[in-house]
>>> print(open('target.pdb').read())   # PDB, C-alpha atoms
ATOM      1  CA  MET K   9      35.982  53.082 146.498
ATOM      2  CA  LYS K  10      37.667  51.028 149.234
ATOM      3  CA  LEU K  11      38.489  54.143 151.248
ATOM      4  CA  ASN K  12      34.831  55.197 150.955
ATOM      5  CA  LEU K  13      33.934  51.956 152.738
ATOM      6  CA  ARG K  14      36.318  52.809 155.578
ATOM      7  CA  SER K  15      34.811  56.291 155.840
ATOM      8  CA  LYS K  16      31.292  54.854 156.095
ATOM      9  CA  LEU K  17      32.346  52.575 158.938
ATOM     10  CA  LEU K  18      34.277  55.286 160.763
ATOM     11  CA  THR K  19      31.234  57.552 160.853
ATOM     12  CA  ALA K  20      28.360  55.121 161.292
ATOM     13  CA  CYS K  21      25.981  55.694 164.195
ATOM     14  CA  THR K  22      27.404  58.583 166.162
ATOM     15  CA  LEU K  23      24.065  60.051 167.057
ATOM     16  CA  LEU K  24      22.009  57.569 168.920
ATOM     17  CA  SER K  25      21.186  57.492 172.601
ATOM     18  CA  VAL K  26      20.108  54.439 174.574
ATOM     19  CA  SER K  27      16.895  54.129 176.534
ATOM     20  CA  ALA K  28      17.052  53.686 180.272
ATOM     21  CA  PHE K  29      14.891  50.573 179.786
ATOM     22  CA  SER K  30      16.833  47.382 178.963
ATOM     23  CA  GLN K  31      19.388  49.143 176.749
ATOM     24  CA  VAL K  32      16.984  49.636 173.868
ATOM     25  CA  ILE K  33      17.894  52.271 171.274
ATOM     26  CA  ASN K  34      14.929  54.268 169.943
ATOM     27  CA  SER K  35      14.937  56.946 167.263
ATOM     28  CA  THR K  36      13.544  59.515 169.695
ATOM     29  CA  GLU K  37      16.636  59.390 171.873
ATOM     30  CA  VAL K  38      19.477  61.253 170.200
ATOM     31  CA  LEU K  39      22.309  63.514 171.266
ATOM     32  CA  PRO K  40      21.078  67.135 170.946
ATOM     33  CA  PHE K  41      22.458  69.482 168.324
ATOM     34  CA  GLY K  42      25.695  71.063 169.536
ATOM     35  CA  SER K  43      26.964  67.954 171.339
ATOM     36  CA  THR K  44      30.584  67.038 170.642
ATOM     37  CA  TYR K  45      32.891  64.147 171.420
ATOM     38  CA  THR K  46      36.446  63.097 170.635
ATOM     39  CA  LEU K  47      37.794  59.716 169.546
ATOM     40  CA  LYS K  48      41.517  58.966 169.657
ATOM     41  CA  GLY K  49      43.300  56.212 167.784
ATOM     42  CA  ILE K  50      44.553  53.100 169.590
ATOM     43  CA  SER K  51      48.217  52.095 169.468
ATOM     44  CA  ASN K  52      47.769  48.707 171.218
ATOM     45  CA  LEU K  53      44.806  47.189 169.392
ATOM     46  CA  SER K  54      45.512  43.747 170.855
ATOM     47  CA  VAL K  55      43.707  44.914 174.019
ATOM     48  CA  ILE K  56      40.397  44.952 172.108
ATOM     49  CA  ASP K  57      38.546  41.632 172.328
ATOM     50  CA  THR K  58      35.508  41.339 170.040
ATOM     51  CA  THR K  59      34.895  37.701 170.994
ATOM     52  CA  ILE K  60      33.323  38.767 174.312
ATOM     53  CA  GLN K  61      29.644  38.676 173.353
ATOM     54  CA  GLY K  62      26.260  38.131 174.962
ATOM     55  CA  GLN K  63      24.298  39.882 177.707
ATOM     56  CA  ASN K  64      25.656  41.237 180.997
ATOM     57  CA  VAL K  65      29.279  40.797 179.930
ATOM     58  CA  THR K  66      32.353  42.904 180.836
ATOM     59  CA  TRP K  67      34.895  44.269 178.376
ATOM     60  CA  ASN K  68      38.040  45.418 180.219
ATOM     61  CA  PHE K  69      39.939  47.722 177.874
ATOM     62  CA  ALA K  70      41.462  49.901 180.603
ATOM     63  CA  ALA K  71      44.965  49.310 179.204
ATOM     64  CA  LEU K  72      44.239  51.054 175.872
ATOM     65  CA  THR K  73      46.955  53.506 174.813
ATOM     66  CA  PRO K  74      46.100  56.465 172.522
ATOM     67  CA  SER K  75      47.922  57.107 169.267
ATOM     68  CA  SER K  76      48.325  60.471 167.538
ATOM     69  CA  SER K  77      45.212  60.125 165.338
ATOM     70  CA  ILE K  78      42.072  61.965 166.434
ATOM     71  CA  LEU K  79      38.476  62.407 165.259
ATOM     72  CA  ASN K  80      36.191  65.148 166.593
ATOM     73  CA  VAL K  81      32.433  64.779 165.986
ATOM     74  CA  THR K  82      29.863  67.585 166.336
ATOM     75  CA  VAL K  83      26.117  66.867 166.078
ATOM     76  CA  MET K  84      24.402  69.511 163.923
ATOM     77  CA  ASP K  85      21.152  70.648 162.379
ATOM     78  CA  PRO K  86      21.570  69.996 158.610
ATOM     79  CA  ASN K  87      20.287  73.533 157.954
ATOM     80  CA  ASP K  88      23.358  74.887 159.755
ATOM     81  CA  THR K  89      25.828  73.032 157.520
ATOM     82  CA  PRO K  90      27.207  74.193 154.144
ATOM     83  CA  TYR K  91      25.685  71.325 152.160
ATOM     84  CA  GLY K  92      22.418  70.540 153.920
ATOM     85  CA  ALA K  93      20.399  72.411 151.277
ATOM     86  CA  PHE K  94      21.732  70.045 148.597
ATOM     87  CA  VAL K  95      20.748  66.837 150.421
ATOM     88  CA  SER K  96      17.071  65.906 150.352
ATOM     89  CA  ASN K  97      15.165  64.275 153.192
ATOM     90  CA  THR K  98      17.721  64.958 155.946
ATOM     91  CA  ASN K  99      16.945  65.956 159.539
ATOM     92  CA  TYR K 100      20.186  65.109 161.339
ATOM     93  CA  ALA K 101      23.863  65.655 160.577
ATOM     94  CA  PHE K 102      27.298  65.716 162.069
ATOM     95  CA  LYS K 103      30.582  67.379 161.270
ATOM     96  CA  GLU K 104      33.971  65.688 161.531
ATOM     97  CA  SER K 105      37.328  67.364 162.104
ATOM     98  CA  PRO K 106      40.265  67.983 161.807
ATOM     99  CA  THR K 107      39.705  66.683 158.257
ATOM    100  CA  THR K 108      36.399  68.392 157.484
ATOM    101  CA  ALA K 109      33.538  66.110 156.525
ATOM    102  CA  TYR K 110      29.746  66.199 156.912
ATOM    103  CA  ARG K 111      27.405  63.191 157.180
ATOM    104  CA  TYR K 112      23.654  63.515 156.603
ATOM    105  CA  PHE K 113      20.911  61.227 157.910
ATOM    106  CA  ASN K 114      17.146  60.848 157.932
ATOM    107  CA  VAL K 115      15.855  59.601 161.279
ATOM    108  CA  THR K 116      12.295  58.265 161.548
ATOM    109  CA  SER K 117      10.525  56.173 164.172
ATOM    110  CA  ALA K 118      11.406  53.049 162.173
ATOM    111  CA  LYS K 119      14.992  53.576 160.989
ATOM    112  CA  MET K 120      18.068  55.731 160.582
ATOM    113  CA  GLU K 121      19.319  55.991 157.019
ATOM    114  CA  ARG K 122      22.317  57.741 155.492
ATOM    115  CA  VAL K 123      21.188  60.080 152.699
ATOM    116  CA  GLY K 124      24.336  62.068 151.931
ATOM    117  CA  SER K 125      27.910  62.960 152.868
ATOM    118  CA  TYR K 126      30.610  65.478 152.025
ATOM    119  CA  SER K 127      34.333  64.742 152.227
ATOM    120  CA  GLY K 128      37.412  65.371 150.122
ATOM    121  CA  SER K 129      35.614  68.169 148.184
ATOM    122  CA  THR K 130      32.962  65.686 146.979
ATOM    123  CA  LEU K 131      29.262  65.730 147.873
ATOM    124  CA  LYS K 132      27.646  62.293 147.651
ATOM    125  CA  THR K 133      23.886  61.785 147.661
ATOM    126  CA  TYR K 134      22.107  58.447 147.938
ATOM    127  CA  SER K 135      19.644  57.314 145.269
ATOM    128  CA  ASP K 136      19.081  54.284 147.505
ATOM    129  CA  PRO K 137      19.665  55.352 151.140
ATOM    130  CA  GLN K 138      21.815  53.184 153.358
ATOM    131  CA  ILE K 139      19.706  51.922 156.276
ATOM    132  CA  GLU K 140      22.225  51.746 159.077
ATOM    133  CA  TYR K 141      19.799  50.842 161.876
ATOM    134  CA  THR K 142      16.200  49.911 162.397
ATOM    135  CA  PHE K 143      14.392  50.809 165.610
ATOM    136  CA  PRO K 144      14.097  49.771 168.320
ATOM    137  CA  MET K 145      17.629  48.367 168.412
ATOM    138  CA  GLN K 146      18.512  45.903 171.174
ATOM    139  CA  TYR K 147      20.409  42.688 171.870
ATOM    140  CA  ASN K 148      20.022  40.218 168.955
ATOM    141  CA  SER K 149      18.328  42.768 166.643
ATOM    142  CA  THR K 150      19.627  42.698 163.068
ATOM    143  CA  ASN K 151      19.029  44.201 159.625
ATOM    144  CA  VAL K 152      20.449  43.829 156.103
ATOM    145  CA  ASP K 153      20.027  46.577 153.499
ATOM    146  CA  THR K 154      21.285  47.469 150.006
ATOM    147  CA  TRP K 155      22.360  51.006 149.077
ATOM    148  CA  ASN K 156      23.734  53.116 146.221
ATOM    149  CA  ASN K 157      25.078  56.650 145.950
ATOM    150  CA  SER K 158      26.387  59.106 143.385
ATOM    151  CA  SER K 159      30.037  58.036 143.847
ATOM    152  CA  SER K 160      29.542  54.276 143.636
ATOM    153  CA  SER K 161      29.381  52.304 140.404
ATOM    154  CA  THR K 162      28.083  49.169 142.108
ATOM    155  CA  GLY K 163      26.288  50.159 145.324
ATOM    156  CA  GLY K 164      26.600  47.797 148.226
ATOM    157  CA  THR K 165      25.165  45.992 151.234
ATOM    158  CA  TYR K 166      25.129  47.118 154.863
ATOM    159  CA  ALA K 167      24.296  44.684 157.676
ATOM    160  CA  PHE K 168      24.298  45.048 161.449
ATOM    161  CA  THR K 169      23.681  42.787 164.444
ATOM    162  CA  VAL K 170      23.614  43.717 168.130
ATOM    163  CA  ILE K 171      25.845  41.065 169.718
ATOM    164  CA  GLY K 172      26.494  42.259 173.263
ATOM    165  CA  SER K 173      25.481  44.393 176.240
ATOM    166  CA  GLY K 174      27.181  45.001 179.567
ATOM    167  CA  THR K 175      30.016  47.035 181.074
ATOM    168  CA  LEU K 176      32.895  48.535 179.054
ATOM    169  CA  ILE K 177      35.983  49.634 181.017
ATOM    170  CA  LEU K 178      38.101  52.302 179.302
ATOM    171  CA  PRO K 179      41.062  54.345 180.586
ATOM    172  CA  ASN K 180      38.603  57.107 181.575
ATOM    173  CA  GLY K 181      36.289  54.832 183.572
ATOM    174  CA  SER K 182      33.447  52.302 183.288
ATOM    175  CA  HIS K 183      30.416  52.652 181.021
ATOM    176  CA  GLU K 184      27.239  50.677 180.449
ATOM    177  CA  ALA K 185      27.519  49.699 176.793
ATOM    178  CA  ILE K 186      25.961  47.898 173.852
ATOM    179  CA  LEU K 187      28.096  46.155 171.178
ATOM    180  CA  THR K 188      27.144  46.091 167.477
ATOM    181  CA  ARG K 189      28.836  44.247 164.602
ATOM    182  CA  VAL K 190      28.622  45.909 161.167
ATOM    183  CA  HIS K 191      29.397  44.242 157.811
ATOM    184  CA  LEU K 192      29.718  46.456 154.719
ATOM    185  CA  GLU K 193      30.187  45.365 151.107
ATOM    186  CA  GLU K 194      30.916  47.437 148.013
ATOM    187  CA  GLY K 195      32.030  45.834 144.782
ATOM    188  CA  PHE K 196      34.752  43.278 145.575
ATOM    189  CA  ASN K 197      35.584  44.771 148.945
ATOM    190  CA  GLU K 198      34.165  43.747 152.327
ATOM    191  CA  LEU K 199      34.800  45.222 155.767
ATOM    192  CA  ASP K 200      33.693  44.377 159.302
ATOM    193  CA  ALA K 201      33.562  46.741 162.266
ATOM    194  CA  TYR K 202      32.570  46.535 165.923
ATOM    195  CA  TYR K 203      31.081  49.496 167.851
ATOM    196  CA  TRP K 204      30.559  49.924 171.579
ATOM    197  CA  TYR K 205      27.902  52.556 172.434
ATOM    198  CA  ASP K 206      27.394  54.329 175.751
ATOM    199  CA  GLY K 207      24.203  53.056 177.404
ATOM    200  CA  SER K 208      23.434  56.469 178.931
ATOM    201  CA  ASN K 209      23.859  58.771 175.915
ATOM    202  CA  GLY K 210      24.506  56.621 172.841
ATOM    203  CA  SER K 211      27.856  58.083 171.784
ATOM    204  CA  ILE K 212      30.586  55.789 170.435
ATOM    205  CA  LEU K 213      32.817  54.562 173.268
ATOM    206  CA  ALA K 214      35.128  52.463 171.092
ATOM    207  CA  PHE K 215      35.304  50.812 167.686
ATOM    208  CA  VAL K 216      37.600  48.622 165.619
ATOM    209  CA  ILE K 217      37.662  48.010 161.860
ATOM    210  CA  ASN K 218      39.016  44.692 160.602
ATOM    211  CA  PRO K 219      41.336  44.663 157.568
ATOM    212  CA  GLY K 220      39.988  45.013 154.035
ATOM    213  CA  ILE K 221      41.822  44.880 150.717
ATOM    214  CA  PHE K 222      43.272  48.372 151.236
ATOM    215  CA  THR K 223      42.530  48.862 154.951
ATOM    216  CA  SER K 224      44.649  47.852 157.925
ATOM    217  CA  TYR K 225      43.349  46.838 161.360
ATOM    218  CA  GLN K 226      42.491  50.050 163.210
ATOM    219  CA  GLY K 227      40.403  51.431 166.037
ATOM    220  CA  SER K 228      39.583  54.382 168.300
ATOM    221  CA  TYR K 229      38.091  55.046 171.727
ATOM    222  CA  GLN K 230      36.292  58.002 173.264
ATOM    223  CA  THR K 231      38.347  60.358 175.411
ATOM    224  CA  SER K 232      35.812  63.174 175.970
ATOM    225  CA  LEU K 233      32.125  64.012 175.529
ATOM    226  CA  ILE K 234      30.331  67.336 175.902
ATOM    227  CA  GLN K 235      26.562  66.937 175.669
ATOM    228  CA  SER K 236      24.892  70.172 174.612
ATOM    229  CA  THR K 237      22.696  71.934 177.172
ATOM    230  CA  ALA K 238      20.665  73.541 174.393
ATOM    231  CA  GLY K 239      17.010  72.967 175.099
ATOM    232  CA  GLU K 240      17.453  72.144 178.807
ATOM    233  CA  GLU K 241      14.441  74.296 179.723
ATOM    234  CA  GLU K 242      12.319  72.463 177.154
ATOM    235  CA  PHE K 243      13.620  69.157 178.482
ATOM    236  CA  ASP K 244      12.546  70.093 182.008
ATOM    237  CA  VAL K 245       9.042  70.957 180.745
ATOM    238  CA  ILE K 246       8.711  67.560 179.045
ATOM    239  CA  MET K 247       9.878  65.813 182.198
ATOM    240  CA  SER K 248       6.939  67.400 184.059
ATOM    241  CA  ALA K 249       4.394  65.607 181.831
ATOM    242  CA  VAL K 250       1.253  64.450 183.659
ATOM    243  CA  TYR K 251      -0.493  61.177 182.723
ATOM    244  CA  GLN K 252      -2.847  58.590 184.174
ATOM    245  CA  ASN K 253      -1.794  55.018 184.905
ATOM    246  CA  PRO K 254      -3.080  52.329 184.539
ATOM    247  CA  VAL K 255      -5.316  52.826 181.488
ATOM    248  CA  GLN K 256      -8.126  50.859 179.872
ATOM    249  CA  GLU K 257      -9.281  52.684 176.734
ATOM    250  CA  LYS K 258      -7.613  56.106 176.416
ATOM    251  CA  LEU K 259      -4.071  57.140 177.294
ATOM    252  CA  TYR K 260      -4.050  60.843 178.183
ATOM    253  CA  VAL K 261      -0.801  62.830 178.651
ATOM    254  CA  SER K 262      -0.523  66.604 179.135
ATOM    255  CA  VAL K 263       2.549  68.854 178.914
ATOM    256  CA  LYS K 264       1.996  72.462 179.975
ATOM    257  CA  ASN K 265       3.761  75.553 178.596
ATOM    258  CA  PHE K 266       6.012  73.800 176.095
ATOM    259  CA  THR K 267       7.486  76.328 173.611
ATOM    260  CA  GLY K 268       9.864  74.140 171.624
ATOM    261  CA  GLY K 269       7.573  73.319 168.696
ATOM    262  CA  ASP K 270       5.451  70.236 168.187
ATOM    263  CA  LEU K 271       5.654  67.199 170.433
ATOM    264  CA  ASN K 272       5.641  63.735 168.869
ATOM    265  CA  TYR K 273       5.243  60.361 170.528
ATOM    266  CA  THR K 274       5.834  56.658 169.884
ATOM    267  CA  ILE K 275       4.563  53.572 171.739
ATOM    268  CA  PHE K 276       6.470  50.259 171.997
ATOM    269  CA  ASP K 277       5.887  47.109 174.009
ATOM    270  CA  LEU K 278       8.586  45.804 176.361
ATOM    271  CA  ASN K 279       9.934  43.519 173.624
ATOM    272  CA  GLY K 280      10.684  46.549 171.472
ATOM    273  CA  LYS K 281       7.779  46.018 169.047
ATOM    274  CA  PHE K 282       6.498  49.262 167.515
ATOM    275  CA  ILE K 283       2.832  49.886 168.354
ATOM    276  CA  SER K 284       1.945  53.394 167.137
ATOM    277  CA  SER K 285       3.094  56.999 166.820
ATOM    278  CA  GLY K 286       1.528  60.429 166.519
ATOM    279  CA  LYS K 287       1.650  64.130 167.325
ATOM    280  CA  ALA K 288       0.387  65.948 170.402
ATOM    281  CA  GLN K 289      -2.446  68.457 169.958
ATOM    282  CA  ASN K 290      -2.219  71.971 171.393
ATOM    283  CA  ASP K 291      -5.146  73.400 173.375
ATOM    284  CA  PRO K 292      -5.962  77.092 174.090
ATOM    285  CA  ASP K 293      -4.350  76.879 177.559
ATOM    286  CA  ASP K 294      -0.842  76.297 176.149
ATOM    287  CA  THR K 295      -0.991  72.600 176.948
ATOM    288  CA  SER K 296       0.173  69.868 174.598
ATOM    289  CA  ILE K 297      -2.215  66.909 174.755
ATOM    290  CA  ILE K 298      -1.625  63.272 173.788
ATOM    291  CA  ASP K 299      -4.985  61.504 173.685
ATOM    292  CA  THR K 300      -4.700  58.098 172.038
ATOM    293  CA  ASN K 301      -6.911  55.012 172.018
ATOM    294  CA  VAL K 302      -5.173  51.945 173.477
ATOM    295  CA  SER K 303      -8.294  49.813 173.944
ATOM    296  CA  GLU K 304      -7.126  47.269 171.351
ATOM    297  CA  LEU K 305      -3.822  46.599 173.118
ATOM    298  CA  SER K 306      -3.370  43.385 175.064
ATOM    299  CA  LYS K 307      -3.041  43.707 178.814
ATOM    300  CA  GLY K 308       0.518  44.479 179.858
ATOM    301  CA  ILE K 309       3.192  47.149 180.234
ATOM    302  CA  TYR K 310       4.107  49.556 177.407
ATOM    303  CA  LEU K 311       6.538  52.423 176.825
ATOM    304  CA  LEU K 312       5.465  55.808 175.448
ATOM    305  CA  THR K 313       8.251  58.217 174.472
ATOM    306  CA  ILE K 314       7.571  61.947 174.027
ATOM    307  CA  ILE K 315      10.085  63.812 171.844
ATOM    308  CA  SER K 316      10.271  67.479 170.918
ATOM    309  CA  GLU K 317      10.279  68.457 167.256
ATOM    310  CA  ASN K 318      13.840  69.809 167.470
ATOM    311  CA  ASN K 319      15.132  66.892 169.577
ATOM    312  CA  SER K 320      15.797  69.180 172.565
ATOM    313  CA  GLY K 321      14.165  66.853 175.066
ATOM    314  CA  SER K 322      12.417  63.541 175.521
ATOM    315  CA  LYS K 323      10.658  61.543 178.232
ATOM    316  CA  THR K 324       9.783  57.845 178.322
ATOM    317  CA  ILE K 325       6.665  56.840 180.267
ATOM    318  CA  ARG K 326       5.945  53.296 181.370
ATOM    319  CA  PHE K 327       2.198  52.616 181.504
ATOM    320  CA  THR K 328       0.025  49.579 182.201
ATOM    321  CA  LYS K 329      -2.876  48.573 179.961
ATOM    322  CA  GLU K 330      -5.601  46.819 182.001
TER     323      GLU K 330
END
>>> encode(input="target.pdb", output="C-alpha cells")
Amino acid sequence: MKLNLRSKLLTACTLLSVSAFSQVINSTEVLPFGSTYTLKGISNLSVIDTTIQGQNVTWNFAALTPSSSILNVTVMDPNDTPYGAFVSNTNYAFKESPTTAYRYFNVTSAKMERVGSYSGSTLKTYSDPQIEYTFPMQYNSTNVDTWNNSSSSTGGTYAFTVIGSGTLILPNGSHEAILTRVHLEEGFNELDAYYWYDGSNGSILAFVINPGIFTSYQGSYQTSLIQSTAGEEEFDVIMSAVYQNPVQEKLYVSVKNFTGGDLNYTIFDLNGKFISSGKAQNDPDDTSIIDTNVSELSKGIYLLTIISENNSGSKTIRFTKE
C-alpha cells in the first residue's frame, strides 16, 4: 500500500500544458499523443530547495547530478493501450518504462481525475476517482479530494496547492515553471511531493518526494522532451481562426477546412474563473462555427480556447466584451 502511494506521486500530472497567459493551466492544453520525455534520478538532492515559493522567483538547480535511475513517459490514446478497454471513462493515458506501467485519466474542462492504472501485473480501477487537479490551475489554486480504488482497503486523500511560479534553472538550461505541492494520504501513511512544470508545454521539469514510512527522500529531473508533431496540420488550421473583437452580444469564430473531428471551446475570465463551454457547429462550406451569446458578461477581457476533439491542436483567443 505504501509503495502504491509512491507510484501515484511519481506519475501525477505528466500531461498538462501551461497557457501562454499568466501561467494558467487549462484542461484544453495538453501534450499531444505520441509525446515522450525522460526523467533521471538525482544523486545530490540537497541542491533542490522547496522553500523558494511565491511569484516571479528563481530556482537555480543547475548543479543537479543524475543517478542511474530513469523514467520514460509516453503520452497515449487509451484505445492504443492494452488495458484501456477495461477502464471506464478514460480519454487520456500514458505509458511508463523501463518498468512497464500505464496510467489512465479522465480530463474535462473542470478537472483531471485518475480513473485507473496498471503496474506489477495488477490493473486498478477507481470506484471513487482521484481528482488530481481542478482547472484552471494557477498560483494559489488548491483542491482536496478523497479517492478509493480496487487495490486499497481504506482509500485516501489527495491535496494540491500551487505555491510558486518563475524561472527554473536545470543542467540543460532555463525554463519558465510553475511549482505545485502535493499531499497524499492512504491509511496510516502520508507523503508530500513537489513538482515543477514547464510553462511552455506542461511536462514535469523536476520533482522530489519527501520520506514516508517506507519511502526515502528521492527526486528526478527532465533530461529530454520530444513533443509529437502529430496533428501539426490541424494545429495550423486552428491557428488561422477568424473572429471579431471587441464584442457586445455575440462572439463569432470561424475555422475553415478543419478535418480533425469536432472542435470544442471554453471561456474563462482573466482570473481563471470558468464562464462557459460548448462545441463548434459545422456548416455546408466546411467551416466550423462558434456562435455564442456573451451579452450577459460584464465588460472586460476574456479568454476563449478552441481545442480539437483529439487534442491535436488548440488556440487561445483574447477578446474584449464591451
>>> resolve_selection(input="target.pdb", expression="the PyMOL selection byres ((chain K and resi 166) around 10)", output="list in words")
Lys16, Leu17, Gln138, Ile139, Glu140, Tyr141, Asn151, Val152, Asp153, Thr154, Trp155, Gly164, Thr165, Ala167, Phe168, Val190, His191, Leu192, Glu193, Glu194, Glu198 and Leu199 of chain K
>>> closest_residue(input="target.pdb", among="K:Gly181, K:Gly195, K:Gly207, K:Pro137", to="Ala71 in chain K", atoms="all atoms listed in the file")
K:Gly181
>>> closest_residue(input="target.pdb", among="K:Lys287, K:Asn34, K:Lys264, K:Val81", to="Ser232 in chain K", atoms="all atoms listed in the file")
K:Val81
>>> closest_residue(input="target.pdb", among="K:Leu72, K:Ile50, K:Val216, K:Met145", to="Ile186 in chain K", atoms="all atoms listed in the file")
K:Met145
>>> residues_around(input="target.pdb", residues="Pro74 in chain K", least_positions_apart="2", cutoff="12 Å", atoms="all atoms listed in the file", output="VMD selection string")
chain K and resid 46 to 53 55 69 to 72 76 to 78 178 to 180 214 226 to 231
>>> write_last_selection(input="target.pdb", atoms="C-alpha atoms", output="tab-separated table (two decimals), in the coordinates of the input")
chain	number	residue	atom	x	y	z
K	46	THR	CA	36.45	63.10	170.64
K	47	LEU	CA	37.79	59.72	169.55
K	48	LYS	CA	41.52	58.97	169.66
K	49	GLY	CA	43.30	56.21	167.78
K	50	ILE	CA	44.55	53.10	169.59
K	51	SER	CA	48.22	52.10	169.47
K	52	ASN	CA	47.77	48.71	171.22
K	53	LEU	CA	44.81	47.19	169.39
K	55	VAL	CA	43.71	44.91	174.02
K	69	PHE	CA	39.94	47.72	177.87
K	70	ALA	CA	41.46	49.90	180.60
K	71	ALA	CA	44.96	49.31	179.20
K	72	LEU	CA	44.24	51.05	175.87
K	76	SER	CA	48.32	60.47	167.54
K	77	SER	CA	45.21	60.12	165.34
K	78	ILE	CA	42.07	61.96	166.43
K	178	LEU	CA	38.10	52.30	179.30
K	179	PRO	CA	41.06	54.34	180.59
K	180	ASN	CA	38.60	57.11	181.58
K	214	ALA	CA	35.13	52.46	171.09
K	226	GLN	CA	42.49	50.05	163.21
K	227	GLY	CA	40.40	51.43	166.04
K	228	SER	CA	39.58	54.38	168.30
K	229	TYR	CA	38.09	55.05	171.73
K	230	GLN	CA	36.29	58.00	173.26
K	231	THR	CA	38.35	60.36	175.41
>>> resolve_selection(input="target.pdb", expression="the PyMOL selection byres ((chain K and resi 157) around 12)", output="VMD selection string")
chain K and resid 9 12 95 122 to 125 131 to 138 154 to 156 158 to 165 194
>>> atom_distance(input="target.pdb", atom1="CA of Thr82 in chain K", atom2="CA of Tyr203 in chain K")
18.2 Å
>>> atom_distance(input="target.pdb", atom1="CA of Phe113 in chain K", atom2="CA of Tyr273 in chain K")
20.1 Å
>>> decode(input="target.pdb", residues="range 188-194 of chain K", atoms="all heavy atoms", output="mmCIF file, in the first residue's frame")
data_model
loop_
_atom_site.group_PDB
_atom_site.id
_atom_site.type_symbol
_atom_site.label_atom_id
_atom_site.label_comp_id
_atom_site.auth_asym_id
_atom_site.auth_seq_id
_atom_site.Cartn_x
_atom_site.Cartn_y
_atom_site.Cartn_z
ATOM 1 N N THR K 188 4.117 23.072 -7.771
ATOM 2 C CA THR K 188 2.930 22.548 -7.080
ATOM 3 C C THR K 188 3.349 21.624 -5.943
ATOM 4 O O THR K 188 4.240 20.785 -6.119
ATOM 5 C CB THR K 188 2.032 21.783 -8.060
ATOM 6 O OG1 THR K 188 1.579 22.666 -9.065
ATOM 7 C CG2 THR K 188 0.828 21.188 -7.346
ATOM 8 N N ARG K 189 2.710 21.778 -4.781
ATOM 9 C CA ARG K 189 2.919 20.855 -3.665
ATOM 10 C C ARG K 189 1.741 19.886 -3.595
ATOM 11 O O ARG K 189 0.579 20.303 -3.650
ATOM 12 C CB ARG K 189 3.039 21.617 -2.347
ATOM 13 C CG ARG K 189 3.232 20.688 -1.128
ATOM 14 C CD ARG K 189 3.418 21.480 0.159
ATOM 15 N NE ARG K 189 2.262 22.317 0.423
ATOM 16 C CZ ARG K 189 2.346 23.614 0.709
ATOM 17 N NH1 ARG K 189 3.519 24.218 0.742
ATOM 18 N NH2 ARG K 189 1.250 24.312 0.952
ATOM 19 N N VAL K 190 2.036 18.592 -3.487
ATOM 20 C CA VAL K 190 1.011 17.553 -3.419
ATOM 21 C C VAL K 190 1.134 16.801 -2.099
ATOM 22 O O VAL K 190 2.245 16.449 -1.675
ATOM 23 C CB VAL K 190 1.159 16.561 -4.597
ATOM 24 C CG1 VAL K 190 0.233 15.360 -4.405
ATOM 25 C CG2 VAL K 190 0.869 17.243 -5.919
ATOM 26 N N HIS K 191 0.004 16.570 -1.425
ATOM 27 C CA HIS K 191 -0.033 15.795 -0.185
ATOM 28 C C HIS K 191 -0.998 14.632 -0.386
ATOM 29 O O HIS K 191 -2.162 14.833 -0.742
ATOM 30 C CB HIS K 191 -0.503 16.660 0.983
ATOM 31 C CG HIS K 191 -0.545 15.917 2.292
ATOM 32 N ND1 HIS K 191 0.585 15.626 3.017
ATOM 33 C CD2 HIS K 191 -1.593 15.390 2.982
ATOM 34 C CE1 HIS K 191 0.243 14.967 4.106
ATOM 35 N NE2 HIS K 191 -1.069 14.804 4.109
ATOM 36 N N LEU K 192 -0.507 13.410 -0.163
ATOM 37 C CA LEU K 192 -1.301 12.202 -0.404
ATOM 38 C C LEU K 192 -1.344 11.355 0.855
ATOM 39 O O LEU K 192 -0.313 11.114 1.479
ATOM 40 C CB LEU K 192 -0.704 11.396 -1.558
ATOM 41 C CG LEU K 192 -1.465 10.155 -2.015
ATOM 42 C CD1 LEU K 192 -2.834 10.525 -2.576
ATOM 43 C CD2 LEU K 192 -0.659 9.405 -3.073
ATOM 44 N N GLU K 193 -2.544 10.916 1.225
ATOM 45 C CA GLU K 193 -2.734 10.059 2.392
ATOM 46 C C GLU K 193 -3.431 8.765 1.975
ATOM 47 O O GLU K 193 -4.340 8.783 1.147
ATOM 48 C CB GLU K 193 -3.586 10.759 3.457
ATOM 49 C CG GLU K 193 -3.002 12.045 3.989
ATOM 50 C CD GLU K 193 -3.898 12.705 5.025
ATOM 51 O OE1 GLU K 193 -4.843 12.024 5.504
ATOM 52 O OE2 GLU K 193 -3.676 13.881 5.348
ATOM 53 N N GLU K 194 -2.981 7.666 2.576
ATOM 54 C CA GLU K 194 -3.652 6.377 2.411
ATOM 55 C C GLU K 194 -3.419 5.565 3.668
ATOM 56 O O GLU K 194 -2.270 5.240 4.000
ATOM 57 C CB GLU K 194 -3.132 5.615 1.192
ATOM 58 C CG GLU K 194 -3.885 4.304 0.969
ATOM 59 C CD GLU K 194 -3.438 3.578 -0.296
ATOM 60 O OE1 GLU K 194 -2.510 4.065 -0.973
ATOM 61 O OE2 GLU K 194 -4.016 2.517 -0.596
#
